[in-house]
$ cat protein16.txt   # compact mmCIF, C-alpha atoms and all ligand atoms
# COMPACT_ATOMS: atom_id res chain seq x y z
CA MET A 1 -8.07 -27.81 13.40
CA ARG A 2 -5.20 -28.85 11.20
CA THR A 3 -3.95 -27.12 8.06
CA GLN A 4 -0.72 -26.70 6.14
CA VAL A 5 -0.42 -22.90 6.35
CA ALA A 6 -2.08 -20.68 8.98
CA ILE A 7 -2.43 -17.10 7.71
CA ILE A 8 -3.11 -14.22 10.10
CA GLY A 9 -4.89 -11.27 8.46
CA ALA A 10 -7.21 -10.97 5.45
CA GLY A 11 -5.73 -7.90 3.79
CA PRO A 12 -4.39 -8.10 0.23
CA ALA A 13 -1.36 -10.10 1.47
CA GLY A 14 -3.24 -12.77 3.44
CA LEU A 15 -6.07 -13.26 0.97
CA LEU A 16 -3.85 -13.43 -2.09
CA LEU A 17 -1.44 -15.85 -0.40
CA SER A 18 -4.31 -18.13 0.57
CA HIS A 19 -5.58 -18.03 -3.02
CA LEU A 20 -2.15 -18.67 -4.59
CA LEU A 21 -1.60 -21.63 -2.23
CA HIS A 22 -5.01 -23.03 -3.14
CA LEU A 23 -4.07 -22.87 -6.83
CA ASN A 24 -1.04 -25.01 -5.94
CA GLY A 25 -3.06 -27.52 -3.95
CA ILE A 26 -1.81 -26.23 -0.57
CA GLU A 27 -4.36 -25.83 2.24
CA SER A 28 -4.57 -22.75 4.42
CA ILE A 29 -6.83 -21.14 7.00
CA VAL A 30 -7.08 -17.33 7.22
CA LEU A 31 -7.89 -15.66 10.56
CA GLU A 32 -9.15 -12.06 10.35
CA SER A 33 -10.07 -9.83 13.29
CA ARG A 34 -12.58 -7.65 11.41
CA SER A 35 -15.85 -8.54 9.67
CA GLN A 36 -16.15 -9.24 5.95
CA ALA A 37 -18.22 -6.06 5.52
CA GLU A 38 -15.52 -4.00 7.23
CA ILE A 39 -12.57 -5.29 5.22
CA GLU A 40 -14.56 -4.83 2.00
CA ALA A 41 -15.34 -1.21 2.85
CA THR A 42 -11.97 0.07 4.12
CA ILE A 43 -10.67 2.72 1.73
CA ARG A 44 -6.92 2.49 1.21
CA ALA A 45 -4.69 2.14 -1.82
CA GLY A 46 -5.52 2.88 -5.42
CA VAL A 47 -2.50 2.34 -7.65
CA LEU A 48 -1.54 -1.08 -9.00
CA GLU A 49 1.73 -1.72 -10.81
CA GLN A 50 1.69 -3.83 -13.98
CA GLY A 51 3.46 -6.63 -12.07
CA THR A 52 0.68 -6.62 -9.46
CA MET A 53 -1.94 -6.72 -12.23
CA ASP A 54 -0.13 -9.66 -13.84
CA ILE A 55 -0.01 -11.63 -10.57
CA LEU A 56 -3.74 -11.02 -9.94
CA SER A 57 -4.69 -11.82 -13.55
CA ASN A 58 -2.58 -15.00 -13.68
CA ALA A 59 -4.25 -16.10 -10.45
CA GLY A 60 -7.65 -15.74 -12.12
CA VAL A 61 -8.86 -12.84 -9.96
CA GLY A 62 -8.22 -10.00 -12.42
CA ALA A 63 -11.40 -9.93 -14.52
CA ARG A 64 -13.17 -7.06 -12.73
CA MET A 65 -9.89 -5.17 -12.31
CA GLN A 66 -9.30 -5.36 -16.06
CA ALA A 67 -12.87 -4.32 -16.87
CA GLU A 68 -13.26 -1.55 -14.29
CA GLY A 69 -9.72 -0.40 -13.47
CA ALA A 70 -8.45 2.74 -15.22
CA LEU A 71 -5.17 2.42 -17.10
CA HIS A 72 -2.96 5.51 -16.57
CA HIS A 73 -0.06 6.23 -18.92
CA GLY A 74 1.28 9.24 -17.05
CA ILE A 75 1.21 11.33 -13.89
CA GLU A 76 1.55 15.06 -13.39
CA LEU A 77 3.86 16.96 -11.07
CA ALA A 78 2.57 20.43 -10.17
CA PHE A 79 4.65 23.21 -8.64
CA GLY A 80 5.25 26.91 -9.07
CA GLY A 81 1.80 27.30 -10.67
CA GLN A 82 2.57 24.86 -13.50
CA ARG A 83 1.71 21.25 -14.24
CA HIS A 84 4.28 18.95 -15.85
CA ARG A 85 3.46 15.55 -17.29
CA ILE A 86 5.67 12.51 -16.69
CA ASP A 87 4.86 10.13 -19.53
CA LEU A 88 5.25 6.77 -17.79
CA THR A 89 4.58 4.68 -20.88
CA GLU A 90 6.86 6.61 -23.20
CA LEU A 91 9.67 6.50 -20.61
CA THR A 92 9.27 2.89 -19.45
CA GLY A 93 6.91 1.06 -21.82
CA LYS A 94 4.66 0.41 -18.81
CA ALA A 95 1.55 1.88 -17.22
CA ILE A 96 -0.25 1.72 -13.87
CA THR A 97 -3.89 0.94 -13.10
CA VAL A 98 -6.11 2.76 -10.64
CA TYR A 99 -8.37 0.14 -9.05
CA PRO A 100 -9.30 0.50 -5.38
CA GLN A 101 -7.77 -1.85 -2.84
CA HIS A 102 -11.17 -2.71 -1.34
CA GLU A 103 -12.28 -3.94 -4.76
CA VAL A 104 -9.21 -6.21 -4.89
CA ILE A 105 -10.24 -7.43 -1.44
CA LYS A 106 -13.80 -8.15 -2.66
CA ASP A 107 -12.45 -10.10 -5.66
CA LEU A 108 -10.12 -12.16 -3.45
CA VAL A 109 -12.75 -12.88 -0.77
CA ALA A 110 -15.19 -13.99 -3.49
CA ALA A 111 -12.54 -16.32 -4.97
CA ARG A 112 -11.70 -17.84 -1.57
CA LEU A 113 -15.35 -18.37 -0.66
CA ALA A 114 -16.17 -19.83 -4.10
CA ALA A 115 -13.39 -22.39 -3.54
CA GLN A 116 -14.77 -23.19 -0.04
CA GLY A 117 -11.63 -21.63 1.42
CA GLN A 118 -11.48 -21.40 5.22
CA LEU A 119 -11.72 -17.74 6.08
CA LEU A 120 -12.70 -16.91 9.67
CA PHE A 121 -13.82 -13.33 10.33
CA GLU A 122 -14.16 -11.48 13.65
CA VAL A 123 -11.52 -13.61 15.33
CA SER A 124 -9.84 -12.29 18.49
CA GLY A 125 -7.05 -13.28 20.87
CA VAL A 126 -4.70 -14.64 18.20
CA GLU A 127 -1.61 -16.17 19.87
CA LEU A 128 1.30 -17.96 18.21
CA HIS A 129 3.00 -21.00 19.71
CA GLY A 130 6.07 -23.03 18.76
CA VAL A 131 7.02 -20.97 15.72
CA ASP A 132 10.64 -22.09 16.09
CA THR A 133 9.58 -25.76 15.92
CA ALA A 134 8.35 -27.80 12.93
CA ALA A 135 4.85 -27.88 14.47
CA PRO A 136 3.68 -24.33 15.17
CA SER A 137 0.13 -23.60 16.29
CA VAL A 138 -2.18 -20.62 16.57
CA GLY A 139 -4.70 -20.08 19.38
CA PHE A 140 -7.70 -17.80 18.80
CA ILE A 141 -11.27 -17.05 19.80
CA HIS A 142 -14.10 -17.22 17.24
CA ARG A 143 -17.79 -16.68 18.06
CA GLY A 144 -17.01 -16.89 21.78
CA GLU A 145 -15.21 -20.23 21.45
CA ALA A 146 -11.51 -20.91 21.83
CA GLY A 147 -9.94 -22.54 18.78
CA ARG A 148 -6.50 -23.81 17.81
CA ILE A 149 -4.88 -24.44 14.45
CA GLU A 150 -1.99 -26.89 14.11
CA ALA A 151 0.00 -25.98 11.00
CA ASP A 152 3.32 -26.45 9.22
CA PHE A 153 3.80 -22.69 8.78
CA VAL A 154 2.37 -19.46 10.20
CA ILE A 155 2.34 -16.40 7.95
CA GLY A 156 1.87 -12.95 9.51
CA CYS A 157 -0.17 -10.82 7.08
CA ASP A 158 -1.77 -8.80 9.87
CA GLY A 159 -0.51 -5.34 8.98
CA TYR A 160 1.56 -2.83 10.94
CA HIS A 161 -0.46 -3.12 14.18
CA GLY A 162 -0.77 -6.91 14.13
CA VAL A 163 0.41 -9.53 16.63
CA THR A 164 2.79 -11.60 14.50
CA ARG A 165 5.74 -9.19 14.27
CA PRO A 166 5.87 -8.79 18.08
CA ALA A 167 5.80 -12.63 18.30
CA MET A 168 9.06 -12.88 16.31
CA PRO A 169 11.94 -14.04 18.54
CA GLY A 170 13.85 -10.85 19.49
CA GLU A 171 17.42 -12.00 19.00
CA GLY A 172 19.09 -10.67 15.86
CA ARG A 173 16.17 -8.44 14.89
CA GLN A 174 16.72 -4.99 13.51
CA ASP A 175 14.06 -2.37 12.84
CA PHE A 176 14.57 0.66 10.60
CA LYS A 177 12.19 3.57 11.04
CA ARG A 178 11.53 7.14 9.98
CA ASP A 179 8.61 9.30 11.09
CA TYR A 180 7.93 12.31 8.90
CA GLY A 181 6.05 14.43 11.44
CA PHE A 182 3.17 15.02 9.04
CA GLY A 183 0.17 13.11 7.75
CA TRP A 184 -2.28 13.09 4.87
CA PHE A 185 -5.84 14.29 5.12
CA GLY A 186 -7.83 12.13 2.69
CA VAL A 187 -11.30 12.84 1.32
CA LEU A 188 -13.66 10.95 -0.95
CA VAL A 189 -15.71 13.25 -3.13
CA GLU A 190 -18.80 12.60 -5.22
CA SER A 191 -17.87 14.22 -8.52
CA ALA A 192 -16.37 13.50 -11.88
CA PRO A 193 -12.55 13.27 -11.88
CA SER A 194 -10.84 16.67 -12.15
CA SER A 195 -7.99 15.20 -14.11
CA GLU A 196 -7.49 12.09 -16.22
CA GLU A 197 -4.16 11.47 -14.51
CA LEU A 198 -2.96 11.71 -10.91
CA ILE A 199 -1.55 15.10 -9.91
CA TYR A 200 1.17 15.28 -7.25
CA ALA A 201 1.48 18.93 -6.16
CA ARG A 202 4.14 20.72 -4.14
CA HIS A 203 3.08 24.04 -2.62
CA GLU A 204 4.43 26.26 0.16
CA ARG A 205 1.28 25.39 2.16
CA GLY A 206 2.06 21.68 1.78
CA PHE A 207 1.63 18.71 -0.56
CA ALA A 208 -1.66 17.82 -2.29
CA LEU A 209 -2.67 14.84 -4.44
CA VAL A 210 -5.52 14.52 -6.91
CA SER A 211 -6.45 10.88 -7.50
CA THR A 212 -9.56 9.07 -8.69
CA ARG A 213 -11.60 6.05 -7.74
CA THR A 214 -14.44 5.69 -10.26
CA PRO A 215 -15.96 7.91 -12.97
CA THR A 216 -18.10 9.48 -10.21
CA VAL A 217 -15.74 9.47 -7.21
CA GLN A 218 -12.53 11.41 -6.64
CA ARG A 219 -9.86 10.69 -4.03
CA LEU A 220 -8.06 13.82 -2.84
CA TYR A 221 -5.35 14.23 -0.19
CA PHE A 222 -3.44 17.10 1.39
CA GLN A 223 -0.55 17.17 3.82
CA CYS A 224 -1.64 17.89 7.40
CA ASP A 225 -0.64 17.67 11.04
CA PRO A 226 -1.06 13.97 11.98
CA ALA A 227 -2.46 15.06 15.37
CA ASP A 228 -5.17 17.18 13.70
CA HIS A 229 -8.78 15.96 13.77
CA VAL A 230 -11.23 15.63 10.87
CA ASP A 231 -13.84 17.59 12.89
CA ASN A 232 -11.58 20.67 12.64
CA TRP A 233 -12.04 20.64 8.87
CA SER A 234 -15.35 21.86 7.46
CA ASP A 235 -15.99 21.12 3.79
CA ASP A 236 -15.44 24.82 2.97
CA ARG A 237 -12.08 24.82 4.73
CA ILE A 238 -11.03 21.66 2.87
CA TRP A 239 -11.93 23.14 -0.53
CA ALA A 240 -10.14 26.42 0.27
CA GLU A 241 -7.00 24.48 1.21
CA LEU A 242 -7.13 22.24 -1.87
CA HIS A 243 -7.71 25.17 -4.23
CA ALA A 244 -4.81 27.09 -2.64
CA ARG A 245 -2.38 24.19 -2.98
CA LEU A 246 -3.48 23.23 -6.49
CA GLU A 247 -3.55 26.79 -7.86
CA ASN A 248 -1.97 27.05 -11.28
CA ASN A 249 -1.75 29.46 -14.13
CA ASP A 250 -3.47 27.41 -16.85
CA GLY A 251 -6.95 27.83 -15.39
CA TRP A 252 -7.36 24.20 -14.31
CA ARG A 253 -9.32 23.74 -11.06
CA VAL A 254 -10.15 20.74 -8.93
CA ASN A 255 -13.85 19.73 -9.24
CA GLU A 256 -15.84 20.22 -6.06
CA GLY A 257 -18.56 17.81 -4.93
CA ARG A 258 -20.10 16.25 -1.85
CA ILE A 259 -17.39 15.08 0.56
CA PHE A 260 -18.59 11.76 1.97
CA GLN A 261 -15.55 10.53 3.82
CA LYS A 262 -12.64 12.19 5.66
CA ASN A 263 -9.66 10.56 7.36
CA ILE A 264 -6.14 11.36 8.52
CA ILE A 265 -3.23 8.97 8.14
CA GLY A 266 0.30 9.22 9.57
CA MET A 267 3.34 8.98 7.34
CA ARG A 268 6.19 6.67 8.20
CA SER A 269 8.84 4.46 6.70
CA PHE A 270 9.52 1.19 8.50
CA VAL A 271 11.33 -2.07 7.79
CA SER A 272 11.61 -4.95 10.26
CA THR A 273 14.23 -7.62 9.55
CA PRO A 274 14.53 -10.52 9.17
CA MET A 275 11.09 -11.24 7.68
CA GLN A 276 11.20 -14.83 8.93
CA SER A 277 12.12 -16.90 11.94
CA GLY A 278 11.74 -20.68 12.00
CA ARG A 279 8.26 -21.45 10.67
CA LEU A 280 6.95 -17.86 11.02
CA PHE A 281 7.12 -15.52 8.00
CA LEU A 282 5.93 -11.90 7.72
CA ALA A 283 4.50 -10.32 4.55
CA GLY A 284 3.22 -6.89 3.56
CA ASP A 285 2.62 -4.13 6.11
CA ALA A 286 3.36 -6.55 8.97
CA ALA A 287 7.02 -6.33 7.93
CA HIS A 288 7.35 -2.91 6.27
CA ILE A 289 5.57 0.39 5.76
CA VAL A 290 6.13 3.06 3.12
CA PRO A 291 4.64 6.56 3.06
CA PRO A 292 1.86 6.50 0.42
CA THR A 293 3.52 9.09 -1.85
CA GLY A 294 5.08 6.37 -4.01
CA ALA A 295 1.87 4.23 -4.06
CA LYS A 296 3.91 1.12 -3.24
CA GLY A 297 2.37 -0.47 -0.10
CA MET A 298 -0.12 -2.86 -1.63
CA ASN A 299 2.23 -3.66 -4.49
CA LEU A 300 4.88 -4.76 -1.98
CA ALA A 301 2.34 -6.88 -0.11
CA VAL A 302 1.55 -8.65 -3.40
CA SER A 303 5.20 -9.19 -4.36
CA ASP A 304 6.02 -10.57 -0.88
CA VAL A 305 3.29 -13.20 -1.02
CA ALA A 306 4.14 -14.15 -4.60
CA LEU A 307 7.63 -15.05 -3.30
CA LEU A 308 6.22 -16.90 -0.31
CA ALA A 309 3.81 -18.88 -2.48
CA GLN A 310 6.74 -19.99 -4.67
CA GLY A 311 8.74 -20.97 -1.58
CA LEU A 312 5.88 -22.96 -0.08
CA GLU A 313 5.18 -24.64 -3.40
CA GLN A 314 8.84 -25.74 -3.62
CA PHE A 315 8.67 -26.99 -0.04
CA TYR A 316 5.58 -29.14 -0.58
CA ARG A 317 6.34 -30.29 -4.16
CA GLN A 318 10.09 -30.91 -3.95
CA GLY A 319 10.74 -31.11 -0.22
CA SER A 320 13.25 -28.26 -0.48
CA ASP A 321 13.24 -25.17 1.74
CA GLU A 322 15.84 -23.33 -0.35
CA ARG A 323 13.45 -20.62 -1.55
CA LEU A 324 11.87 -20.22 1.86
CA GLN A 325 15.33 -19.79 3.40
CA GLY A 326 16.05 -17.05 0.85
CA TYR A 327 12.72 -15.25 1.38
CA THR A 328 13.97 -12.33 3.49
CA THR A 329 16.86 -11.60 1.13
CA ALA A 330 14.67 -11.80 -1.98
CA ALA A 331 11.82 -9.74 -0.52
CA LEU A 332 14.04 -7.05 1.02
CA LYS A 333 15.68 -6.28 -2.31
CA ARG A 334 12.38 -4.99 -3.65
CA VAL A 335 11.27 -3.57 -0.29
CA TRP A 336 14.32 -1.32 0.03
CA ARG A 337 13.97 -0.06 -3.55
CA ALA A 338 10.39 0.90 -2.73
CA GLU A 339 11.43 2.39 0.62
CA TYR A 340 13.99 4.53 -1.17
CA PHE A 341 11.55 5.68 -3.84
CA SER A 342 8.73 6.41 -1.36
CA TRP A 343 11.09 8.40 0.89
CA TRP A 344 12.42 10.29 -2.14
CA MET A 345 8.96 11.18 -3.53
CA THR A 346 7.88 12.24 -0.03
CA SER A 347 10.99 14.42 0.43
CA LEU A 348 10.58 15.96 -3.02
CA LEU A 349 6.95 17.01 -2.62
CA HIS A 350 6.18 17.82 1.04
CA THR A 351 6.96 20.83 3.19
CA PHE A 352 9.13 20.07 6.21
CA ALA A 353 8.68 22.21 9.34
CA ASP A 354 12.44 22.32 9.96
CA ALA A 355 13.48 23.03 6.34
CA THR A 356 15.82 26.01 5.97
CA PRO A 357 15.27 28.49 3.11
CA PHE A 358 18.26 26.83 1.41
CA GLN A 359 16.64 23.40 1.62
CA ARG A 360 13.36 24.74 0.22
CA GLU A 361 15.13 26.22 -2.81
CA VAL A 362 17.08 23.00 -3.39
CA GLN A 363 13.82 21.03 -3.25
CA ARG A 364 12.28 23.31 -5.89
CA ALA A 365 15.40 23.01 -8.06
CA GLU A 366 15.28 19.23 -7.77
CA LEU A 367 11.67 19.22 -9.01
CA GLU A 368 12.73 21.37 -11.95
CA CYS A 369 15.47 18.88 -12.75
CA VAL A 370 13.01 15.97 -12.62
CA VAL A 371 10.65 17.57 -15.12
CA SER A 372 13.35 18.90 -17.45
CA SER A 373 15.84 16.03 -17.44
CA ARG A 374 14.72 12.93 -19.32
CA ALA A 375 17.14 10.86 -17.26
CA MET A 376 15.63 12.00 -13.96
CA ALA A 377 12.06 11.68 -15.24
CA THR A 378 12.89 8.15 -16.40
CA ALA A 379 14.27 7.24 -12.98
CA LEU A 380 11.04 8.46 -11.36
CA ALA A 381 8.88 6.68 -13.94
CA GLU A 382 10.75 3.37 -13.60
CA SER A 383 10.26 3.33 -9.86
CA TYR A 384 6.64 4.52 -10.09
CA VAL A 385 5.61 1.71 -12.46
CA GLY A 386 7.65 -0.78 -10.43
CA ALA A 387 10.23 -1.58 -13.10
CA PHE A 388 12.81 -2.70 -10.53
P1 LIG B 1 -3.48 -4.77 5.68
O1 LIG B 1 -4.23 -4.33 4.50
O2 LIG B 1 -3.28 -3.83 6.80
O3 LIG B 1 -4.24 -6.08 6.23
C1 LIG B 1 -3.97 -6.61 7.49
C2 LIG B 1 -5.22 -7.37 7.96
O4 LIG B 1 -4.93 -8.05 9.19
C3 LIG B 1 -5.99 -7.85 10.10
N1 LIG B 1 -5.47 -8.01 11.46
C4 LIG B 1 -5.63 -9.11 12.22
N2 LIG B 1 -6.29 -10.26 11.98
C5 LIG B 1 -6.31 -11.19 12.97
N3 LIG B 1 -5.69 -11.00 14.18
C6 LIG B 1 -5.01 -9.89 14.45
N4 LIG B 1 -4.38 -9.71 15.61
C7 LIG B 1 -4.96 -8.86 13.44
N5 LIG B 1 -4.40 -7.63 13.38
C8 LIG B 1 -4.71 -7.12 12.17
C9 LIG B 1 -6.50 -6.46 9.78
O5 LIG B 1 -7.85 -6.28 10.22
C10 LIG B 1 -6.37 -6.42 8.26
O6 LIG B 1 -7.54 -6.85 7.61
O7 LIG B 1 -2.04 -5.35 5.30
P2 LIG B 1 -1.46 -6.01 3.94
O8 LIG B 1 -2.32 -7.17 3.51
O9 LIG B 1 -0.03 -6.21 4.18
O10 LIG B 1 -1.68 -4.90 2.81
C11 LIG B 1 -0.96 -3.70 2.85
C12 LIG B 1 -1.77 -2.59 2.18
O11 LIG B 1 -3.05 -2.55 2.77
C13 LIG B 1 -1.09 -1.22 2.31
O12 LIG B 1 0.29 -1.35 2.11
C14 LIG B 1 -1.63 -0.20 1.29
O13 LIG B 1 -2.97 0.14 1.57
C15 LIG B 1 -0.78 1.05 1.27
N6 LIG B 1 -1.29 2.10 0.39
C16 LIG B 1 -1.08 2.05 -0.97
N7 LIG B 1 -0.46 0.99 -1.53
C17 LIG B 1 -0.34 0.91 -2.88
O14 LIG B 1 0.23 -0.06 -3.38
N8 LIG B 1 -0.82 1.89 -3.75
C18 LIG B 1 -1.45 2.98 -3.26
O15 LIG B 1 -1.92 3.80 -4.04
C19 LIG B 1 -1.58 3.11 -1.83
N9 LIG B 1 -2.22 4.16 -1.29
C20 LIG B 1 -2.00 3.18 0.92
C21 LIG B 1 -2.45 4.20 0.04
C22 LIG B 1 -2.29 3.25 2.27
C23 LIG B 1 -3.00 4.32 2.75
N10 LIG B 1 -3.28 4.32 4.12
C24 LIG B 1 -4.60 4.35 4.62
C25 LIG B 1 -2.21 3.98 5.03
C26 LIG B 1 -3.16 5.27 0.53
C27 LIG B 1 -3.41 5.34 1.87
C28 LIG B 1 -4.16 6.54 2.34
C1 LIG B 2 -4.94 6.82 -3.93
O1 LIG B 2 -5.64 6.94 -4.95
O2 LIG B 2 -5.42 6.51 -2.83
C2 LIG B 2 -3.49 7.07 -4.01
C3 LIG B 2 -2.91 7.31 -5.25
C4 LIG B 2 -1.55 7.56 -5.31
C5 LIG B 2 -0.79 7.58 -4.16
C6 LIG B 2 -1.37 7.32 -2.93
C7 LIG B 2 -2.74 7.07 -2.85
O3 LIG B 2 0.53 7.85 -4.24
$ encode --input "protein16.txt" --output "structure tokens" --more "lines below"
Ligand code: RFL
Ligand code: PHB
Amino acid sequence: MRTQVAIIGAGPAGLLLSHLLHLNGIESIVLESRSQAEIEATIRAGVLEQGTMDILSNAGVGARMQAEGALHHGIELAFGGQRHRIDLTELTGKAITVYPQHEVIKDLVAARLAAQGQLLFEVSGVELHGVDTAAPSVGFIHRGEAGRIEADFVIGCDGYHGVTRPAMPGEGRQDFKRDYGFGWFGVLVESAPSSEELIYARHERGFALVSTRTPTVQRLYFQCDPADHVDNWSDDRIWAELHARLENNDGWRVNEGRIFQKNIIGMRSFVSTPMQSGRLFLAGDAAHIVPPTGAKGMNLAVSDVALLAQGLEQFYRQGSDERLQGYTTAALKRVWRAEYFSWWMTSLLHTFADATPFQREVQRAELECVVSSRAMATALAESYVGAF
């Protein structure tokens, strides 16, 4: 098989890149290891920045997101028994939209299939060859048969555990990493939202987050041991923990309902540089991870591929690789801002096993500053809506 751009991974990064290239008349083939049903059912992110919405809308895949997504003009920070609103729109003029990542995936898959895009699911054994030459290729197995794609470029959109980052030539690479030693226990609950806006709560027992999915489904999280197991958590134990961490003195309570999904995710920060080598480029989680506290992961995946699409367009239209050469520098500017913000939000709101009493008091004081100083609230709001 021959194509212009071989894309590994059909997450938000890979699918959107393939779609953006198609809009510019550039051919691509996407190889995905999971099935279509699986990628369309995996519950992950929920928060889209305005910039992400604009990119999806301008690419013609935003109709359902605009109709069904919920526009949020603020978030709440809860601590010491009180809830404090950060008015994102008043502070920044912008808002965020809660629209589940798997719905974005469905919209993008539908757009690719409608355009007869080449999207191969349940592919295994992906191997990259010649990425430092002008004629790279990708070997793979699909439906029991070995295949090979000859391409001009290979783009690694295969997430943190993918095969493209390890295929990057080792010389000159630098990885930056921080493990937090805790995870998030996430549940999906059949019930009306408890709150119109997201609530980020700091409590001595650990962080908790109240988010939403649809008018009948809530997404709730609480900080946990990443080595814990969902089977250790009965529904009663989960509700007791959530009520304890979200306790407050205005009588508000989280709505209970049937818990129909439980999962535990680890929390880490990670950046791998450079994001390119020869004809191989990395985008999204393949190149960087943020802890979910800042809600930035999918937004970064989208901004990476928007840059790559511009670079590839310039390459094919004008024969210039200037933008492609500048990809790592341009992408990392935004990535490090998001890394900083996600680390900061995580540090502000979680309990750390090794924190001294002094550090705990300073953390509480910092939260008080954020909710009482307009300057600090504005800094939080600007980063949260992605105004950087
Ligand atoms: P993905 O989504 O991981 O997609 C990678 C795809 O590549 C496939 N793959 C392979 N295919 C072929 N061959 C191989 N060898 C392959 N290896 C892997 C995988 O099957 C998969 O389909 O990466 P991408 O596209 O870079 O997108 C990144 C986002 O998914 C991620 O950053 C976000 O989900 C992070 N995130 C959030 N981001 C936000 O912007 N806002 C949020 O509110 C938000 N909340 C979250 C989150 C992530 C969470 N988890 C589960 C880590 C909440 C949570 C709980
Ligand atoms: C979510 O709804 O899954 C969500 C919302 C905000 C975050 C992380 C996850 O910061």
$ residues_near_ligand --input "protein16.txt" --ligand "ligand LIG 1 (chain B)" --cutoff "6 Å" --atoms "all atoms listed in the file" --output "ChimeraX atom specification"
/A:8-14,31-34,39,44-48,126,157-159,162-163,265,284-286,292,295-299,301
$ closest_residue --input "protein16.txt" --among "A:Met168, A:Ala309, A:Leu108, A:Val370" --to "Ser57 (chain A)" --atoms "all atoms listed in the file"
A:Leu108
$ residues_around --input "protein16.txt" --residues "Leu17 (chain A)" --least-positions-apart "6" --cutoff "9 Å" --atoms "all atoms listed in the file" --output "ChimeraX atom specification"
/A:7,28,302,305-306,308-309
$ closest_residue --input "protein16.txt" --among "A:Thr216, A:Gln223, A:Thr3, A:Thr273" --to "Arg245 (chain A)" --atoms "only C-alpha atoms"
A:Gln223
$ closest_residue --input "protein16.txt" --among "A:His102, A:Arg148, A:Arg337, A:His288" --to "ligand LIG 2 (chain B)" --atoms "all atoms listed in the file"
A:His102
$ residues_near_ligand --input "protein16.txt" --ligand "ligand LIG 2 (chain B)" --cutoff "9 Å" --atoms "only C-alpha atoms and all ligand atoms" --output "ChimeraX atom specification"
/A:43-47,98-101,186,198-200,209-213,218-221,291-296,342
$ write_last_selection --input "protein16.txt" --atoms "C-alpha atoms" --output "JSON list (two decimals), keeping the file's coordinate frame"
[["chain", "number", "residue", "atom", "x", "y", "z"],
["A", 43, "ILE", "CA", -10.67, 2.72, 1.73],
["A", 44, "ARG", "CA", -6.92, 2.49, 1.21],
["A", 45, "ALA", "CA", -4.69, 2.14, -1.82],
["A", 46, "GLY", "CA", -5.52, 2.88, -5.42],
["A", 47, "VAL", "CA", -2.50, 2.34, -7.65],
["A", 98, "VAL", "CA", -6.11, 2.76, -10.64],
["A", 99, "TYR", "CA", -8.37, 0.14, -9.05],
["A", 100, "PRO", "CA", -9.30, 0.50, -5.38],
["A", 101, "GLN", "CA", -7.77, -1.85, -2.84],
["A", 186, "GLY", "CA", -7.83, 12.13, 2.69],
["A", 198, "LEU", "CA", -2.96, 11.71, -10.91],
["A", 199, "ILE", "CA", -1.55, 15.10, -9.91],
["A", 200, "TYR", "CA", 1.17, 15.28, -7.25],
["A", 209, "LEU", "CA", -2.67, 14.84, -4.44],
["A", 210, "VAL", "CA", -5.52, 14.52, -6.91],
["A", 211, "SER", "CA", -6.45, 10.88, -7.50],
["A", 212, "THR", "CA", -9.56, 9.07, -8.69],
["A", 213, "ARG", "CA", -11.60, 6.05, -7.74],
["A", 218, "GLN", "CA", -12.53, 11.41, -6.64],
["A", 219, "ARG", "CA", -9.86, 10.69, -4.03],
["A", 220, "LEU", "CA", -8.06, 13.82, -2.84],
["A", 221, "TYR", "CA", -5.35, 14.23, -0.19],
["A", 291, "PRO", "CA", 4.64, 6.56, 3.06],
["A", 292, "PRO", "CA", 1.86, 6.50, 0.42],
["A", 293, "THR", "CA", 3.52, 9.09, -1.85],
["A", 294, "GLY", "CA", 5.08, 6.37, -4.01],
["A", 295, "ALA", "CA", 1.87, 4.23, -4.06],
["A", 296, "LYS", "CA", 3.91, 1.12, -3.24],
["A", 342, "SER", "CA", 8.73, 6.41, -1.36]]
$ closest_residue --input "protein16.txt" --among "A:His161, A:Ser124, A:Gly326, A:Arg64" --to "Glu145 (chain A)" --atoms "only C-alpha atoms"
A:Ser124
